[in-house]
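Novice: Before we start, here is the structure in question, set down as structure tokens.
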Protein chains: 2
Amino acid sequence: MPNDHETGFIPSGENRPALTVDVVIFALYNNDLKVLLVKRPSAPFKDSWALPGGFVKTSESLEDAAARKLAEETGVTAVYTEQLYTFGAIDRDPRMRIVTVAYFALVPYESVAVQITHAKPDGSARWFSLKDRPDLPFDHPKIVDYALQRLRYKLEYTSVGFQLLPDEFTLSQLQKAYEIVLDEPLDKRNFRRKILAAGVIEETGEKTKEGEGRPARLYKYGDDSVAEIKSRRLFP
Amino acid sequence: MPNDHETGFIPSGENRPALTVDVVIFALYNNDLKVLLVKRPSAPFKDSWALPGGFVKTSESLEDAAARKLAEETGVTAVYTEQLYTFGAIDRDPRMRIVTVAYFALVPYESVAVQITHAKPDGSARWFSLKDRPDLPFDHPKIVDYALQRLRYKLEYTSVGFQLLPDEFTLSQLQKAYEIVLDEPLDKRNFRRKILAAGVIEETGEKTKEGEGRPARLYKYGDDSVAEIKSRRLFP
DNA sequence: TCAAAAGTGTTCCGAATACACCCATGA
DNA sequence: TCATGGGTGTATTCGGAACACTTTTGA
């Protein structure tokens, strides 16, 4: 017996699940991994902190929708964004059937903080520590947990960690970023050897000017840095 | 400025993308990796071979929708199924905006072949070799490619390969399955050592009765076999 | 007794790990 | 001159890869 799709039947209007995107936006600040949450201005869960998200327009792709939400909340564009998973439990939203495509994004804190403060002086968007996050509505806790798991996984197997730092950074900063996200200390010499062996960052030739101690070399990541290091995991 | 989601505005009817699931169903047969395709009975791409798929009902979860399509096409239930990716380019379907959540499934060929022949004697569903597949409509080629990539990845890093075999199997059959999917020969002794070290299969105590040569021990996979071997990849 | 497939250990090599001291700068 | 963080090499261990012969059965 042919089914709906095969017969060309298309369910219309209210017989379709609605479709949203939610974005888990990570940044590093103050030696801590932060996630960006927004305050819900309306029911359900009015005034709860929740993941930024919204309905997908028929005129935009999923990636565009995620990038739009990211830009609306942070003002930044062209940061690392990756589809996470699509959540579609029938009761995940009390209003109606809503399926959400979750994305996660990595942004350099410095490029976002000011814009949030300026664009949202009402405090409707805020960074929260992952270790001290508020109760989240819907299935957002599950989404955040999954995003964190994926971030750690990506960090171990790929070069994606650079995306949390400014354009130029020192190896110590990079190591610190990895340590914060993975929540474990790393050996300095081994870290440097592996990161440099991966060949995805290059010296700028500059050194840090300020700060105590010996000035550090500055590095930047190449254009191919978004590409994954499929061949071997960076940190086992 | 608050956006749609935040103000509680819900787009209705035709302003929502439609939502489908598509399932890439893999099986092994005749020393080859096969994918199940169905013949489209209606426009667009009438009579083309395409991935089994259909609209998500508002009363079923995404997993349920995928399982339903799988059961409709193969008659089997409770096989390994995993969400692959969600494809949402705006022009991926010429009719209208349709977002599809792709799944991939691994089925033991023996448990499906008869059911297809009986349930679909019109030949509207068929196994195709991945090396000799017909041109597919929509973005289905991309979906199949991605599913194959993910299957290979999963096979290297997890124990999921058992799902392509019948309940009881020999180590040689298992190795053959891995070799077919990965498309490369594997060392017998290393394969056995690693598979057994993973601890996810156990001897049944039985041996094969028929066939040439020395009878082989039969193995089955434990209840936890669906769980991933996160700790270490099986085959580098 | 032969063909055909099952079963079994060891060596080698490369990568990951653990580990401690000197260097450059500003206060 | 000292406090602070930057920068460097080696020995050991462990896991992956390569590799060939014996065993069991049916014909």
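Numbering starts fresh at 1 for the residues of each chain in the structure tokens, the chains themselves are lettered A, B, ... in the order given, and ligands are numbered from 1 as they appear.
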Please return, as a ChimeraX atom specification, all residues of chain D lying within 10 Å of chain B when only C-alpha atoms (C1' of nucleotides) are considered.

Specialist: /D:16-19,23-27

Novice: Given the selection you just returned, output its residues as a file containing N, CA, C and O atoms (P, O5', C5', C4', C3', O3' and C1' of nucleotides), formatted as a compact mmCIF listing (two decimals), in the first residue's frame.

Specialist:
```txt
# COMPACT_ATOMS: atom_id res chain seq x y z
P DG D 16 45.02 -0.35 19.69
O5' DG D 16 45.96 -0.32 18.41
C5' DG D 16 46.41 0.94 17.88
C4' DG D 16 47.11 0.70 16.57
C3' DG D 16 46.39 -0.26 15.64
O3' DG D 16 46.58 0.18 14.29
C1' DG D 16 48.47 -1.20 16.30
P DA D 17 46.29 -0.81 13.08
O5' DA D 17 47.70 -1.47 12.82
C5' DA D 17 48.80 -0.63 12.46
C4' DA D 17 49.86 -1.46 11.76
C3' DA D 17 49.31 -2.43 10.71
O3' DA D 17 50.22 -2.45 9.61
C1' DA D 17 50.38 -3.65 12.44
P DA D 18 49.82 -3.28 8.30
O5' DA D 18 50.93 -4.42 8.26
C5' DA D 18 52.27 -4.10 8.62
C4' DA D 18 53.03 -5.38 8.87
C3' DA D 18 52.67 -6.53 7.91
O3' DA D 18 53.84 -7.08 7.36
C1' DA D 18 52.54 -7.24 10.18
P DC D 19 53.77 -8.04 6.07
O5' DC D 19 53.97 -9.49 6.71
C5' DC D 19 54.96 -9.66 7.72
C4' DC D 19 54.73 -10.97 8.42
C3' DC D 19 54.02 -12.02 7.55
O3' DC D 19 54.78 -13.22 7.52
C1' DC D 19 53.07 -11.89 9.69
P DT D 23 48.37 -29.16 15.19
O5' DT D 23 46.88 -28.68 14.91
C5' DT D 23 46.28 -27.75 15.81
C4' DT D 23 44.78 -27.69 15.54
C3' DT D 23 44.10 -29.06 15.50
O3' DT D 23 42.86 -28.95 16.17
C1' DT D 23 43.68 -27.89 13.49
P DT D 24 42.15 -30.27 16.70
O5' DT D 24 40.87 -30.38 15.78
C5' DT D 24 39.92 -29.31 15.79
C4' DT D 24 39.10 -29.37 14.54
C3' DT D 24 38.40 -30.71 14.28
O3' DT D 24 37.02 -30.48 14.42
C1' DT D 24 39.34 -29.78 12.30
P DT D 25 36.03 -31.69 14.77
O5' DT D 25 35.52 -32.11 13.32
C5' DT D 25 34.59 -31.26 12.69
C4' DT D 25 34.73 -31.27 11.20
C3' DT D 25 34.26 -32.53 10.49
O3' DT D 25 32.88 -32.40 10.22
C1' DT D 25 36.11 -31.44 9.41
P DG D 26 32.06 -33.59 9.57
O5' DG D 26 32.30 -33.33 8.01
C5' DG D 26 31.89 -32.08 7.44
C4' DG D 26 32.09 -32.13 5.94
C3' DG D 26 31.43 -33.32 5.24
O3' DG D 26 31.00 -32.90 3.95
C1' DG D 26 33.80 -33.45 4.99
P DA D 27 30.28 -33.92 2.99
O5' DA D 27 31.38 -34.12 1.85
C5' DA D 27 31.92 -32.94 1.22
C4' DA D 27 33.00 -33.36 0.23
C3' DA D 27 32.61 -34.52 -0.70
O3' DA D 27 33.07 -34.25 -2.01
C1' DA D 27 34.56 -35.09 0.50
```

Novice: I need the residues in range 8-233 of chain B that are strand (DSSP E) according to DSSP; give them as a PyMOL selection string.

Specialist: chain B and resi 18-29+32-39+49-50+53-55+80-87+98-106+125-129+201-207+217-221

Novice: Please determine the contact residues of chain C with respect to chain A at a cut-off of 7 Å, counting only C-alpha atoms (C1' of nucleotides), and supply them as a list in words.

Specialist: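 That gives DA24, DT25 and DG26 of chain C for chain C.
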
Novice: Which polymer residues have any atom within 10 Å of an atom of Asp91 in chain B, counting only C-alpha atoms (C1' of nucleotides), with same-chain residues fewer than 6 positions away left out, as an MDAnalysis selection string?

Specialist: (chainID A and resid 59:61) or (chainID B and resid 97:99 138:139)

Novice: I need the chain A residues near chain B as a ChimeraX atom specification; criterion: at most 8 Å, counting only C-alpha atoms.

Specialist: /A:2-8,10-19,40-43,53-63,83,85-90,97,101

Novice: For range 111-117 of chain B, list every protein, DNA or RNA residue within 12 Å, evaluated using only C-alpha atoms (C1' of nucleotides), and leave out those in the same chain fewer than 3 positions away; present the list as a CSV table (one decimal) with all heavy atoms, in the first residue's frame.

Specialist:
```csv
chain,number,residue,atom,x,y,z
B,25,ILE,N,18.4,2.5,4.3
B,25,ILE,CA,18.4,1.2,4.9
B,25,ILE,C,19.5,0.3,4.3
B,25,ILE,O,19.5,0.1,3.1
B,25,ILE,CB,17.1,0.5,4.7
B,25,ILE,CG1,16.0,1.4,5.3
B,25,ILE,CG2,17.0,-0.9,5.4
B,25,ILE,CD1,14.6,1.0,5.0
B,26,PHE,N,20.5,-0.1,5.1
B,26,PHE,CA,21.6,-0.9,4.6
B,26,PHE,C,21.4,-2.3,4.9
B,26,PHE,O,20.9,-2.7,6.0
B,26,PHE,CB,22.9,-0.4,5.2
B,26,PHE,CG,23.4,0.9,4.8
B,26,PHE,CD1,23.5,2.0,5.7
B,26,PHE,CD2,23.8,1.1,3.4
B,26,PHE,CE1,23.9,3.2,5.2
B,26,PHE,CE2,24.2,2.4,3.0
B,26,PHE,CZ,24.3,3.4,3.9
B,27,ALA,N,21.9,-3.2,4.1
B,27,ALA,CA,22.0,-4.6,4.4
B,27,ALA,C,23.2,-5.2,3.6
B,27,ALA,O,23.6,-4.6,2.6
B,27,ALA,CB,20.7,-5.3,4.0
B,28,LEU,N,23.6,-6.3,4.0
B,28,LEU,CA,24.7,-7.0,3.3
B,28,LEU,C,24.1,-8.2,2.6
B,28,LEU,O,23.3,-9.0,3.1
B,28,LEU,CB,25.8,-7.6,4.3
B,28,LEU,CG,26.6,-6.5,4.9
B,28,LEU,CD1,27.6,-7.2,5.9
B,28,LEU,CD2,27.4,-5.7,3.9
B,29,TYR,N,24.5,-8.4,1.3
B,29,TYR,CA,24.0,-9.5,0.6
B,29,TYR,C,25.0,-9.8,-0.5
B,29,TYR,O,25.4,-8.9,-1.2
B,29,TYR,CB,22.6,-9.3,0.0
B,29,TYR,CG,22.1,-10.4,-0.9
B,29,TYR,CD1,22.0,-11.7,-0.4
B,29,TYR,CD2,21.8,-10.1,-2.2
B,29,TYR,CE1,21.5,-12.7,-1.2
B,29,TYR,CE2,21.3,-11.1,-3.0
B,29,TYR,CZ,21.2,-12.4,-2.5
B,29,TYR,OH,20.7,-13.4,-3.3
B,34,LYS,N,24.3,-3.2,0.3
B,34,LYS,CA,23.1,-2.8,-0.4
B,34,LYS,C,22.3,-1.7,0.3
B,34,LYS,O,22.3,-1.6,1.5
B,34,LYS,CB,22.1,-4.0,-0.6
B,34,LYS,CG,22.8,-5.3,-1.1
B,34,LYS,CD,23.1,-5.2,-2.6
B,34,LYS,CE,23.5,-6.6,-3.1
B,34,LYS,NZ,23.9,-6.6,-4.5
B,36,LEU,N,18.3,0.0,0.3
B,36,LEU,CA,16.9,-0.3,-0.2
B,36,LEU,C,16.3,1.0,-0.8
B,36,LEU,O,16.3,2.1,-0.1
B,36,LEU,CB,16.1,-0.7,1.0
B,36,LEU,CG,14.7,-1.2,0.7
B,36,LEU,CD1,14.7,-2.5,-0.1
B,36,LEU,CD2,13.8,-1.4,1.9
B,37,LEU,N,15.9,0.9,-2.0
B,37,LEU,CA,15.2,2.0,-2.6
B,37,LEU,C,13.8,1.6,-3.0
B,37,LEU,O,13.5,0.5,-3.3
B,37,LEU,CB,16.0,2.4,-3.9
B,37,LEU,CG,17.5,2.8,-3.7
B,37,LEU,CD1,18.2,3.2,-5.0
B,37,LEU,CD2,17.6,4.0,-2.7
B,38,VAL,N,12.9,2.6,-3.1
B,38,VAL,CA,11.6,2.4,-3.5
B,38,VAL,C,11.3,3.2,-4.8
B,38,VAL,O,11.9,4.3,-5.0
B,38,VAL,CB,10.6,2.8,-2.4
B,38,VAL,CG1,10.8,1.9,-1.2
B,38,VAL,CG2,10.7,4.3,-2.1
B,70,LEU,N,10.5,2.4,8.1
B,70,LEU,CA,11.3,1.1,8.1
B,70,LEU,C,10.4,-0.1,8.1
B,70,LEU,O,10.5,-1.0,7.3
B,70,LEU,CB,12.2,1.1,9.3
B,70,LEU,CG,13.3,0.1,9.3
B,70,LEU,CD1,14.2,0.2,8.2
B,70,LEU,CD2,14.1,0.2,10.6
B,71,ALA,N,9.4,-0.1,8.9
B,71,ALA,CA,8.5,-1.2,9.0
B,71,ALA,C,7.6,-1.4,7.8
B,71,ALA,O,7.4,-2.5,7.2
B,71,ALA,CB,7.6,-1.1,10.2
B,72,GLU,N,7.2,-0.2,7.2
B,72,GLU,CA,6.4,-0.3,6.0
B,72,GLU,C,7.2,-0.9,4.8
B,72,GLU,O,6.6,-1.6,4.0
B,72,GLU,CB,6.0,1.2,5.6
B,72,GLU,CG,4.8,1.7,6.5
B,72,GLU,CD,4.5,3.2,6.2
B,72,GLU,OE1,5.2,3.7,5.2
B,72,GLU,OE2,3.7,3.8,6.9
B,73,GLU,N,8.4,-0.5,4.8
B,73,GLU,CA,9.2,-1.0,3.6
B,73,GLU,C,9.8,-2.3,3.8
B,73,GLU,O,10.1,-3.1,2.8
B,73,GLU,CB,10.3,0.1,3.3
B,73,GLU,CG,9.8,1.4,3.0
B,73,GLU,CD,8.8,1.5,1.8
B,73,GLU,OE1,8.9,0.6,1.0
B,73,GLU,OE2,8.0,2.4,1.7
B,74,THR,N,10.2,-2.7,5.0
B,74,THR,CA,10.9,-3.9,5.2
B,74,THR,C,10.2,-4.9,6.1
B,74,THR,O,10.5,-6.1,6.1
B,74,THR,CB,12.3,-3.6,5.9
B,74,THR,OG1,12.0,-3.2,7.3
B,74,THR,CG2,13.1,-2.6,5.2
B,75,GLY,N,9.2,-4.5,6.8
B,75,GLY,CA,8.5,-5.4,7.7
B,75,GLY,C,9.2,-5.7,9.0
B,75,GLY,O,8.7,-6.4,9.9
B,76,VAL,N,10.4,-5.2,9.1
B,76,VAL,CA,11.2,-5.5,10.3
B,76,VAL,C,11.0,-4.3,11.3
B,76,VAL,O,10.8,-3.2,10.9
B,76,VAL,CB,12.7,-5.7,10.0
B,76,VAL,CG1,12.9,-6.9,9.2
B,76,VAL,CG2,13.3,-4.5,9.5
B,77,THR,N,11.2,-4.7,12.6
B,77,THR,CA,11.2,-3.7,13.6
B,77,THR,C,12.4,-4.0,14.5
B,77,THR,O,13.0,-5.0,14.4
B,77,THR,CB,9.9,-3.7,14.5
B,77,THR,OG1,9.8,-5.1,15.0
B,77,THR,CG2,8.7,-3.4,13.6
B,78,ALA,N,12.6,-3.0,15.4
B,78,ALA,CA,13.7,-3.3,16.4
B,78,ALA,C,15.0,-3.5,15.8
B,78,ALA,O,15.8,-4.4,16.3
B,78,ALA,CB,13.3,-4.4,17.4
B,79,VAL,N,15.3,-2.9,14.7
B,79,VAL,CA,16.7,-3.0,14.2
B,79,VAL,C,17.4,-1.7,14.5
B,79,VAL,O,16.8,-0.7,14.9
B,79,VAL,CB,16.7,-3.2,12.7
B,79,VAL,CG1,16.0,-4.5,12.3
B,79,VAL,CG2,16.0,-2.1,11.9
B,106,LEU,N,20.4,-0.4,9.9
B,106,LEU,CA,21.1,-1.6,9.5
B,106,LEU,C,20.2,-2.8,9.8
B,106,LEU,O,19.7,-2.9,10.9
B,106,LEU,CB,22.4,-1.7,10.4
B,106,LEU,CG,23.3,-0.5,10.3
B,106,LEU,CD1,24.5,-0.7,11.2
B,106,LEU,CD2,23.7,-0.2,8.9
B,107,VAL,N,20.0,-3.5,8.8
B,107,VAL,CA,19.1,-4.7,8.9
B,107,VAL,C,19.8,-6.0,8.4
B,107,VAL,O,20.6,-5.9,7.5
B,107,VAL,CB,17.8,-4.5,8.2
B,107,VAL,CG1,17.1,-3.3,8.6
B,107,VAL,CG2,18.0,-4.4,6.7
B,108,PRO,N,19.6,-7.1,9.1
B,108,PRO,CA,20.1,-8.3,8.6
B,108,PRO,C,19.3,-8.7,7.3
B,108,PRO,O,18.1,-8.8,7.4
B,108,PRO,CB,19.8,-9.3,9.7
B,108,PRO,CG,19.4,-8.5,10.9
B,108,PRO,CD,18.8,-7.3,10.3
B,120,LYS,N,5.8,-6.7,-1.4
B,120,LYS,CA,5.9,-5.8,-2.6
B,120,LYS,C,6.2,-6.6,-3.8
B,120,LYS,O,7.2,-6.5,-4.4
B,120,LYS,CB,7.0,-4.8,-2.4
B,120,LYS,CG,7.0,-4.1,-1.0
B,120,LYS,CD,7.1,-2.7,-1.1
B,120,LYS,CE,6.9,-2.0,0.3
B,120,LYS,NZ,6.0,-0.9,0.3
B,121,PRO,N,5.3,-7.5,-4.2
B,121,PRO,CA,5.6,-8.4,-5.3
B,121,PRO,C,5.6,-7.6,-6.6
B,121,PRO,O,6.1,-8.1,-7.7
B,121,PRO,CB,4.4,-9.4,-5.3
B,121,PRO,CG,3.3,-8.7,-4.6
B,121,PRO,CD,4.0,-7.8,-3.6
B,122,ASP,N,5.1,-6.3,-6.6
B,122,ASP,CA,5.2,-5.5,-7.8
B,122,ASP,C,6.6,-5.0,-8.1
B,122,ASP,O,6.8,-4.3,-9.1
B,122,ASP,CB,4.2,-4.3,-7.6
B,122,ASP,CG,4.6,-3.5,-6.4
B,122,ASP,OD1,5.4,-4.0,-5.5
B,122,ASP,OD2,4.0,-2.4,-6.2
B,123,GLY,N,7.5,-5.3,-7.1
B,123,GLY,CA,8.9,-4.8,-7.4
B,123,GLY,C,9.1,-3.4,-7.1
B,123,GLY,O,10.0,-2.7,-7.6
B,124,SER,N,8.2,-2.8,-6.3
B,124,SER,CA,8.3,-1.3,-6.0
B,124,SER,C,9.4,-1.0,-5.0
B,124,SER,O,9.6,0.1,-4.6
B,124,SER,CB,7.0,-0.8,-5.6
B,124,SER,OG,6.6,-1.3,-4.3
B,125,ALA,N,10.0,-2.1,-4.4
B,125,ALA,CA,11.1,-1.9,-3.4
B,125,ALA,C,12.2,-2.9,-3.8
B,125,ALA,O,11.9,-4.0,-4.0
B,125,ALA,CB,10.6,-2.0,-2.0
B,126,ARG,N,13.4,-2.4,-3.8
B,126,ARG,CA,14.5,-3.3,-4.3
B,126,ARG,C,15.8,-2.9,-3.6
B,126,ARG,O,16.0,-1.7,-3.3
B,126,ARG,CB,14.7,-3.1,-5.8
B,126,ARG,CG,14.2,-4.3,-6.6
B,126,ARG,CD,14.8,-4.1,-8.0
B,126,ARG,NE,16.2,-4.1,-8.0
B,126,ARG,CZ,17.0,-3.7,-9.0
B,126,ARG,NH1,16.4,-3.3,-10.1
B,126,ARG,NH2,18.3,-3.8,-9.0
B,127,TRP,N,16.6,-3.9,-3.4
B,127,TRP,CA,18.0,-3.6,-2.9
B,127,TRP,C,18.9,-3.2,-4.1
B,127,TRP,O,18.8,-3.9,-5.2
B,127,TRP,CB,18.6,-4.9,-2.3
B,127,TRP,CG,17.9,-5.3,-1.0
B,127,TRP,CD1,17.1,-6.3,-0.8
B,127,TRP,CD2,18.0,-4.6,0.3
B,127,TRP,NE1,16.7,-6.4,0.5
B,127,TRP,CE2,17.2,-5.3,1.2
B,127,TRP,CE3,18.7,-3.5,0.7
B,127,TRP,CZ2,17.1,-4.9,2.5
B,127,TRP,CZ3,18.6,-3.1,2.0
B,127,TRP,CH2,17.8,-3.8,2.9
B,163,GLN,N,24.9,-5.5,13.7
B,163,GLN,CA,23.5,-5.3,13.3
B,163,GLN,C,23.2,-5.7,11.9
B,163,GLN,O,22.1,-5.8,11.5
B,163,GLN,CB,23.2,-3.8,13.5
B,163,GLN,CG,23.5,-3.2,14.9
B,163,GLN,CD,22.6,-3.8,15.9
B,163,GLN,OE1,21.6,-4.3,15.7
B,163,GLN,NE2,23.1,-3.8,17.2
B,164,LEU,N,24.3,-5.9,11.1
B,164,LEU,CA,24.1,-6.3,9.7
B,164,LEU,C,24.0,-7.8,9.6
B,164,LEU,O,23.8,-8.3,8.5
B,164,LEU,CB,25.2,-5.8,8.9
B,164,LEU,CG,25.2,-4.3,8.6
B,164,LEU,CD1,26.6,-3.8,8.1
B,164,LEU,CD2,24.1,-3.9,7.6
B,165,LEU,N,24.2,-8.5,10.7
B,165,LEU,CA,24.3,-10.0,10.6
B,165,LEU,C,23.1,-10.6,11.3
B,165,LEU,O,22.4,-10.0,12.1
B,165,LEU,CB,25.6,-10.5,11.3
B,165,LEU,CG,26.9,-10.1,10.6
B,165,LEU,CD1,28.1,-10.5,11.4
B,165,LEU,CD2,26.9,-10.7,9.2
B,166,PRO,N,22.8,-11.9,11.0
B,166,PRO,CA,21.8,-12.6,11.8
B,166,PRO,C,22.1,-12.7,13.3
B,166,PRO,O,23.3,-12.4,13.7
B,166,PRO,CB,21.7,-13.9,11.1
B,166,PRO,CG,22.9,-14.1,10.2
B,166,PRO,CD,23.4,-12.7,10.0
B,167,ASP,N,21.2,-13.2,14.0
B,167,ASP,CA,21.5,-13.3,15.5
B,167,ASP,C,22.7,-14.0,15.9
B,167,ASP,O,23.4,-13.7,16.8
B,167,ASP,CB,20.2,-13.9,16.2
B,167,ASP,CG,19.1,-13.0,16.2
B,167,ASP,OD1,19.3,-11.8,15.9
B,167,ASP,OD2,18.0,-13.4,16.6
```

Novice: What lies within 9 Å of Arg133 in chain B using only C-alpha atoms (C1' of nucleotides), ignoring chain neighbours under 4 positions off, as a list of chain:residue names?

Specialist: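 Once the adjacent positions are removed, what remains is B:Val35, B:Phe128, B:Ser129.
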
Novice: Which residues come within 10 Å of DG15 in chain D, counting only C-alpha atoms (C1' of nucleotides), excluding same-chain residues fewer than 4 positions away, as a list in words?

Specialist: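 The neighbour list is DG14, DA15 and DA16 of chain C.
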
Novice: Write out as a PyMOL selection string all residues of range 5-200 of chain A that DSSP puts in alpha helix (DSSP H) for this structure's backbone.

Specialist: chain A and resi 5-7+62-74+110-119+140-157+171-182+188-198

Novice: Distance CA of Val200 in chain B-CA of Arg68 in chain B, one decimal place?

Specialist: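 According to the coordinates, CA of Val200 in chain B and CA of Arg68 in chain B are separated by 28.4 Å.
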
Novice: Which residues are close to Tyr103 in chain A, i.e. within 7 Å by only C-alpha atoms (C1' of nucleotides), leaving aside same-chain residues fewer than 3 positions away? Reply as a list in words.

Specialist: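 Neighbouring residues, sequence-local ones excluded: Asp22, Val23, Val24, Ala66, Thr81, Glu82, Gln83 and Leu84 of chain A.
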
Novice: Let's have the selection written as a CSV table (one decimal), in the first residue's frame, with N, CA and C atoms.

Specialist:
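As written to disk, selection-v8.csv reads:
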```csv
chain,number,residue,atom,x,y,z
A,22,ASP,N,17.2,25.9,17.5
A,22,ASP,CA,17.8,26.3,18.8
A,22,ASP,C,19.3,26.3,18.7
A,23,VAL,N,19.9,27.3,19.3
A,23,VAL,CA,21.4,27.4,19.1
A,23,VAL,C,22.0,27.4,20.5
A,24,VAL,N,23.0,26.5,20.7
A,24,VAL,CA,23.8,26.5,21.9
A,24,VAL,C,25.0,27.2,21.6
A,66,ALA,N,19.8,29.2,11.7
A,66,ALA,CA,20.7,29.2,12.8
A,66,ALA,C,21.6,30.4,12.8
A,81,THR,N,29.8,27.1,13.3
A,81,THR,CA,28.4,26.6,13.6
A,81,THR,C,28.3,25.2,13.1
A,82,GLU,N,27.6,24.3,13.8
A,82,GLU,CA,27.5,23.0,13.4
A,82,GLU,C,26.2,22.4,13.8
A,83,GLN,N,25.5,21.7,12.9
A,83,GLN,CA,24.3,21.0,13.3
A,83,GLN,C,24.5,20.0,14.3
A,84,LEU,N,23.7,19.9,15.3
A,84,LEU,CA,23.9,19.1,16.5
A,84,LEU,C,23.0,17.8,16.4
```

Novice: So how many Å separate CA of Tyr146 in chain A and CA of Gly222 in chain B, to one decimal?

Specialist: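 Interatomic distance here is 26.1 Å.
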
Novice: CA of Lys220 in chain A to C1' of DG5 in chain D: how many Å, to one decimal?

Specialist: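 If I compute the distance from CA of Lys220 in chain A to C1' of DG5 in chain D, I get 20.2 Å.
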